[in-house]
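Listing of final_2.csv; format and content: CSV, C-alpha atoms.
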```csv
chain,number,residue,atom,x,y,z
A,14,GLY,CA,53.3,17.9,-23.6
A,15,ASP,CA,49.5,17.7,-24.3
A,16,GLU,CA,48.9,15.1,-21.6
A,17,GLY,CA,50.7,17.3,-19.0
A,18,ALA,CA,48.6,20.3,-20.0
A,19,VAL,CA,45.4,18.3,-19.8
A,20,ARG,CA,46.4,16.9,-16.4
A,21,ALA,CA,47.2,20.4,-15.2
A,22,THR,CA,43.9,21.8,-16.5
A,23,THR,CA,41.9,18.9,-14.8
A,24,LEU,CA,43.7,19.4,-11.5
A,25,GLY,CA,43.2,23.1,-11.7
A,26,ARG,CA,39.5,22.8,-12.4
A,27,LEU,CA,39.1,20.4,-9.4
A,28,ALA,CA,41.0,22.8,-7.1
A,29,SER,CA,38.8,25.7,-8.3
A,30,ARG,CA,35.6,23.8,-7.9
A,31,PHE,CA,36.3,22.7,-4.4
A,32,MET,CA,38.3,25.8,-3.4
A,33,LEU,CA,41.4,23.8,-2.7
A,34,ALA,CA,45.1,24.6,-3.2
A,35,PRO,CA,46.6,23.0,-6.3
A,36,ALA,CA,49.1,21.2,-4.0
A,37,THR,CA,46.3,19.4,-2.3
A,38,VAL,CA,44.8,17.8,-5.4
A,39,LEU,CA,48.3,17.1,-6.7
A,40,GLY,CA,49.2,15.3,-3.5
A,41,TRP,CA,46.1,13.2,-3.7
A,42,ALA,CA,46.8,12.4,-7.3
A,43,ARG,CA,50.3,11.2,-6.3
A,44,ALA,CA,48.8,8.8,-3.7
A,45,GLN,CA,46.5,7.4,-6.4
A,46,ASP,CA,49.3,7.1,-8.9
A,47,ALA,CA,51.5,5.3,-6.4
A,48,GLY,CA,49.0,2.5,-6.5
A,49,LEU,CA,47.7,3.0,-3.0
A,50,VAL,CA,44.7,0.7,-2.1
A,51,PRO,CA,43.4,2.9,0.7
A,52,SER,CA,41.9,1.6,3.9
A,53,VAL,CA,39.4,3.7,5.9
A,54,ALA,CA,42.2,5.1,8.0
A,55,ASP,CA,44.2,6.0,4.9
A,56,VAL,CA,41.4,8.0,3.4
A,57,LEU,CA,40.8,9.8,6.6
A,58,LEU,CA,44.6,10.6,6.9
A,59,LEU,CA,44.6,11.9,3.3
A,60,ILE,CA,41.7,14.2,4.1
A,61,VAL,CA,42.7,15.6,7.5
A,62,SER,CA,46.4,15.9,6.6
A,63,SER,CA,45.7,18.2,3.7
A,64,ALA,CA,46.8,21.8,4.1
A,65,ASP,CA,43.2,22.8,3.2
A,66,PHE,CA,41.6,20.9,6.1
A,67,ASN,CA,40.5,23.6,8.5
A,68,ALA,CA,39.0,21.6,11.4
A,69,ARG,CA,41.8,19.4,12.8
A,70,LEU,CA,41.2,18.6,16.5
A,71,ARG,CA,43.6,20.2,19.0
A,72,ALA,CA,46.2,17.9,20.4
A,73,ASP,CA,49.3,18.3,22.5
A,74,GLN,CA,52.6,16.7,21.4
A,75,SER,CA,52.4,14.8,24.7
A,76,GLU,CA,49.5,12.9,23.3
A,77,ILE,CA,51.3,11.7,20.2
A,78,VAL,CA,52.7,8.4,21.6
A,79,ALA,CA,49.3,7.3,22.8
A,80,LEU,CA,47.6,8.4,19.6
A,81,GLU,CA,50.2,6.6,17.4
A,82,ALA,CA,49.7,3.5,19.4
A,83,GLN,CA,45.9,3.6,18.6
A,84,LEU,CA,46.6,4.4,14.9
A,85,ALA,CA,48.9,1.3,14.8
A,86,CYS,CA,45.8,-0.8,15.3
A,87,GLU,CA,44.4,0.4,12.0
A,88,PRO,CA,45.5,-0.9,8.6
A,89,VAL,CA,47.5,2.2,7.4
A,90,ARG,CA,48.9,1.5,4.0
A,91,LEU,CA,50.2,5.0,3.4
A,92,ALA,CA,53.3,4.0,5.4
A,93,GLY,CA,54.4,1.9,2.5
A,94,LEU,CA,54.8,4.9,0.2
A,95,GLU,CA,58.2,6.4,-0.6
A,96,PRO,CA,59.2,9.1,2.0
A,97,ASP,CA,59.2,11.9,-0.6
A,98,VAL,CA,55.8,10.9,-1.9
A,99,LEU,CA,54.5,10.6,1.7
A,100,ARG,CA,55.6,14.1,2.5
A,101,ARG,CA,53.7,15.5,-0.5
A,102,VAL,CA,50.7,13.4,0.2
A,103,LEU,CA,50.4,14.3,3.9
A,104,PRO,CA,51.8,17.9,4.0
A,105,ALA,CA,50.1,18.9,7.3
A,106,ALA,CA,51.2,15.8,9.2
A,107,ALA,CA,54.7,17.2,9.6
A,108,ARG,CA,53.4,20.4,11.2
A,109,ASP,CA,50.5,19.0,13.2
A,110,GLU,CA,51.0,15.2,13.4
A,111,ALA,CA,49.2,14.9,16.7
A,112,GLY,CA,46.2,16.8,15.5
A,113,ALA,CA,46.0,14.9,12.2
A,114,VAL,CA,46.2,11.5,14.0
A,115,LYS,CA,43.7,12.6,16.7
A,116,THR,CA,41.2,13.8,14.1
A,117,THR,CA,41.6,10.6,12.1
A,118,LEU,CA,41.0,8.4,15.1
A,119,ALA,CA,38.0,10.5,16.3
A,120,LEU,CA,36.3,10.3,12.9
A,121,ARG,CA,37.0,6.5,12.8
A,122,ALA,CA,35.5,6.2,16.3
A,123,TRP,CA,32.4,8.1,15.0
A,124,THR,CA,32.0,5.6,12.1
A,125,ARG,CA,32.2,2.7,14.5
A,126,LEU,CA,30.1,4.1,17.3
A,127,GLY,CA,27.6,6.1,15.4
A,128,GLU,CA,27.3,8.5,18.4
A,129,LEU,CA,29.1,11.8,18.2
A,130,ASP,CA,29.2,12.3,22.0
A,131,GLU,CA,30.7,8.8,22.6
A,132,ALA,CA,33.3,9.3,19.8
A,133,ALA,CA,34.3,12.6,21.2
A,134,GLN,CA,34.6,11.2,24.7
A,135,ALA,CA,36.7,8.4,23.5
A,136,LEU,CA,39.3,10.8,22.0
A,137,GLY,CA,39.1,13.5,24.6
A,138,CYS,CA,37.6,16.2,22.5
A,139,GLU,CA,34.4,18.3,22.4
A,140,PRO,CA,31.5,17.0,20.4
A,141,HIS,CA,31.0,20.3,18.6
A,142,ASP,CA,34.7,20.2,17.5
A,143,LEU,CA,34.2,16.7,16.2
A,144,GLU,CA,31.1,17.8,14.3
A,145,GLU,CA,33.0,20.5,12.7
A,146,ALA,CA,35.7,18.0,11.7
A,147,ARG,CA,33.0,15.7,10.4
A,148,ARG,CA,31.5,18.3,8.1
A,149,GLU,CA,34.9,19.4,6.8
A,150,ALA,CA,35.9,15.7,6.2
A,151,VAL,CA,32.7,15.1,4.1
A,152,ARG,CA,33.5,18.2,2.0
A,153,MET,CA,37.1,17.3,1.5
A,154,GLY,CA,36.2,13.6,0.9
A,155,GLN,CA,33.9,14.6,-1.9
A,156,ALA,CA,36.7,16.5,-3.5
A,157,LEU,CA,39.1,13.6,-3.1
A,158,ALA,CA,36.5,11.2,-4.7
A,159,ALA,CA,35.8,13.5,-7.6
A,160,GLY,CA,39.4,13.8,-8.4
A,161,ALA,CA,40.0,10.1,-8.2
A,162,GLU,CA,37.0,9.4,-10.5
A,163,GLY,CA,38.3,11.8,-13.1
A,164,ARG,CA,41.6,10.0,-13.1
A,165,GLU,CA,40.0,6.6,-13.4
A,166,ARG,CA,38.2,7.7,-16.5
A,167,ARG,CA,41.4,8.2,-18.3
A,168,PRO,CA,42.7,5.2,-20.3
A,169,ARG,CA,44.4,2.9,-17.8
A,170,LEU,CA,48.1,2.2,-18.5
A,171,ALA,CA,47.7,-1.5,-17.5
A,172,ALA,CA,44.9,-2.0,-20.0
A,173,ALA,CA,46.9,-0.2,-22.7
A,174,GLU,CA,49.8,-2.5,-22.2
A,175,GLY,CA,47.6,-5.6,-22.3
A,176,ALA,CA,47.9,-6.4,-18.6
A,177,PRO,CA,44.9,-8.0,-16.9
A,178,VAL,CA,42.7,-5.5,-15.0
A,179,ALA,CA,40.8,-6.7,-11.9
A,180,ASP,CA,37.4,-5.2,-12.4
A,181,ASP,CA,35.9,-6.9,-9.3
A,182,GLU,CA,38.1,-4.8,-6.9
A,183,PRO,CA,36.7,-1.5,-5.6
A,184,THR,CA,38.4,1.5,-7.3
A,185,PHE,CA,40.2,4.2,-5.4
A,186,SER,CA,37.3,6.5,-5.8
A,187,GLN,CA,34.8,3.9,-4.7
A,188,ARG,CA,36.8,3.3,-1.5
A,189,VAL,CA,36.8,7.1,-0.9
A,190,ARG,CA,33.0,7.3,-1.5
A,191,ALA,CA,32.4,4.6,1.0
A,192,VAL,CA,34.4,6.5,3.6
A,193,VAL,CA,32.6,9.7,2.9
A,194,ALA,CA,29.3,7.9,3.5
A,195,MET,CA,30.6,6.5,6.7
A,196,VAL,CA,31.7,9.9,8.0
A,197,CYS,CA,28.5,11.6,6.7
A,198,ALA,CA,26.1,9.5,8.7
A,199,GLY,CA,28.2,7.6,11.3
A,200,LEU,CA,28.1,4.3,9.4
A,201,ASP,CA,30.2,1.2,10.1
A,202,ASP,CA,31.9,-0.7,7.4
A,203,ALA,CA,28.9,-3.0,6.7
A,204,ALA,CA,26.4,-0.2,6.6
A,205,ALA,CA,28.7,1.8,4.3
A,206,THR,CA,28.4,-1.0,1.7
A,207,LEU,CA,24.6,-0.6,1.9
A,208,ALA,CA,24.9,3.1,1.3
A,209,GLN,CA,26.6,2.4,-2.0
A,210,ILE,CA,23.5,0.9,-3.5
A,211,ASP,CA,21.8,3.2,-5.9
A,212,GLY,CA,18.9,5.0,-4.4
A,213,ILE,CA,19.9,4.4,-0.7
A,214,GLY,CA,22.8,6.7,0.3
A,215,PRO,CA,24.2,7.3,3.7
A,216,VAL,CA,21.2,8.7,5.6
A,217,LEU,CA,18.8,6.0,4.5
A,218,ALA,CA,21.5,3.4,5.2
A,219,ARG,CA,21.8,4.7,8.7
A,220,ARG,CA,18.0,4.4,9.2
A,221,LEU,CA,17.9,0.9,7.8
A,222,ARG,CA,20.8,-0.1,10.0
A,223,ASP,CA,19.3,1.3,13.1
A,224,GLY,CA,15.9,-0.1,12.3
A,225,ALA,CA,16.9,-3.6,11.1
A,226,GLY,CA,20.0,-4.1,13.2
A,227,VAL,CA,22.5,-4.4,10.4
A,228,ALA,CA,25.8,-5.4,12.0
```

Representation of the structure as structure tokens:
Amino acid sequence: GDEGAVRATTLGRLASRFMLAPATVLGWARAQDAGLVPSVADVLLLIVSSADFNARLRADQSEIVALEAQLACEPVRLAGLEPDVLRRVLPAAARDEAGAVKTTLALRAWTRLGELDEAAQALGCEPHDLEEARREAVRMGQALAAGAEGRERRPRLAAAEGAPVADDEPTFSQRVRAVVAMVCAGLDDAAATLAQIDGIGPVLARRLRDGAGVA
């Protein structure tokens, strides 16, 4: 129908704009449609497990048990999705699970520590490899946020049916934007909130945090 055609056109434009495979933006859309309220780890997994993410850290299968133990300490809500949806949302995880988890954890360490060398050392990788992953994650995160914002502009089904809508909760795209800011400048959760204020952004938020000791 018309709605399907509009949706296909919108997804196609997003894929073309960010040079992504259609399957990538469709997978992200499925995660959003499934009602996922993404944590920081969820957003990172969505990004690095995409088939279009080209900077996953190298990891041996022998590392997977230790890596999954570390990931278990993070609030990962993706695990609550239906298995078929999860396979489509995290396509690369099946082929390179260890690499996807290691990259997620390394980027999370970077947001907590704010020092690339320390984050790399914590996950046993080279700083230049983590920097490459950081840059790629920012690019992909911007695409994920743009797609989510476009979907949020459509009339919301809950509102159309007269159900109450919680306007005080951050939207999917706002959560993604916060994570992009964190990865961009090595911001922790508190400083990422500062970065969302109009006129500040991630770089200035980092300077303010370092200068004023925002915890």

Item to complete: List the neighbours of Ala158 (chain A) out to 9 Å using all atoms listed in the file; skip same-chain residues closer than 4 positions along the sequence, and give me the result as a list of chain:residue names.
Response: A:Met153, A:Gly154, A:Glu162, A:Gly163, A:Phe185, A:Ser186, A:Gln187, A:Arg188, A:Val189, A:Arg190, A:Val193

Fill in: Polymer residues at most 10 Å from Asp142 (chain A), all atoms listed in the file, same-chain spacing of 2 or more positions, as a PyMOL selection string
chain A and resi 68-71+116+133+138-140+144-147

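Distance-wise, CA of Val78 (chain A) and CA of Val61 (chain A) end up 18.7 Å apart.
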
Practice prompt. Would you kindly return, as an MDAnalysis selection string, each protein, DNA or RNA residue with an atom no farther than 9 Å from any atom of Gln45 (chain A), considering only C-alpha atoms and excluding same-chain residues fewer than 5 positions away?
Written response: chainID A and resid 40 50:51 161 164 185

Item to complete: Compute the distance from (41.9, 7.8, 13.5) to each atom, counting only C-alpha atoms, keep the residues with any atom at most 8 Å away, and return them as a VMD selection string; use the coordinates of the file.
Response: chain A and resid 54 57 to 58 83 to 84 87 114 to 122

Serialized selection, C-alpha atoms, as a short mmCIF file (atom, residue, chain, number, x, y, z; two decimals), keeping the file's coordinate frame:
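The resulting file, result_30.cif, is shown below:
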```
data_model
loop_
_atom_site.label_atom_id
_atom_site.label_comp_id
_atom_site.auth_asym_id
_atom_site.auth_seq_id
_atom_site.Cartn_x
_atom_site.Cartn_y
_atom_site.Cartn_z
CA ALA A 54 42.20 5.10 8.00
CA LEU A 57 40.80 9.80 6.60
CA LEU A 58 44.60 10.60 6.90
CA GLN A 83 45.90 3.60 18.60
CA LEU A 84 46.60 4.40 14.90
CA GLU A 87 44.40 0.40 12.00
CA VAL A 114 46.20 11.50 14.00
CA LYS A 115 43.70 12.60 16.70
CA THR A 116 41.20 13.80 14.10
CA THR A 117 41.60 10.60 12.10
CA LEU A 118 41.00 8.40 15.10
CA ALA A 119 38.00 10.50 16.30
CA LEU A 120 36.30 10.30 12.90
CA ARG A 121 37.00 6.50 12.80
CA ALA A 122 35.50 6.20 16.30
#
```

Worksheet item: Out of A:Pro88, A:Gly160, A:Pro215, A:Pro96, which residue has the shortest atom-to-atom distance to Pro35 (chain A) when counting all atoms listed in the file?
Response: A:Gly160

Item to complete: Take CA of Phe31 (chain A) and CA of Trp123 (chain A) and report the distance between them in Å, one decimal.
Response: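 Atom-to-atom, CA of Phe31 (chain A) to CA of Trp123 (chain A), that is 24.6 Å.
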
Practice prompt. Mind checking which residues fall within 10 Å of Leu39 (chain A), counting only C-alpha atoms, ignoring those fewer than 3 positions away in the same chain, and posting them as a PyMOL selection string?
Written response: chain A and resi 20-21+24-25+28+34-36+42-45+101-102+160

Practice prompt. State, in Å with one decimal place, the distance from CA of Leu129 (chain A) to CA of Leu59 (chain A).
Written response: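 Computed distance, CA of Leu129 (chain A) to CA of Leu59 (chain A), equals 21.5 Å.
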
So which residues touch Ala107 (chain A) within 10 Å, counting only C-alpha atoms, skipping near sequence neighbours fewer than 6 positions away, as a compact mmCIF listing (two decimals) with C-alpha atoms, in the frame of the given file?
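And here is the file that came out, around.txt:
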```txt
# COMPACT_ATOMS: atom_id res chain seq x y z
CA SER A 62 46.40 15.90 6.60
CA ARG A 100 55.60 14.10 2.50
CA ALA A 113 46.00 14.90 12.20
```

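Candidate residues A:Val89, A:Ala47, A:Met195, A:Val38 were compared for distance to Leu126 (chain A), and the nearest is A:Met195, using all atoms listed in the file.
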
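Residue nearest Asp202 (chain A) within the list A:Arg108, A:Arg219, A:Arg125, A:Arg167: A:Arg125 [criterion: smallest interatomic distance, all atoms listed in the file].
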
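Nearest-residue note for Glu76 (chain A): choosing from A:Ala92, A:Glu110, A:Asp46, A:Ala132, the minimum distance belongs to A:Glu110, counting all atoms listed in the file.
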
Worksheet item: Which residue gives the smallest distance to Ile77 (chain A) among A:Met32, A:Val216, A:Ala106, A:Val151, with only C-alpha atoms counted?
Response: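 Of all the options, A:Ala106 lies closest to Ile77 (chain A).
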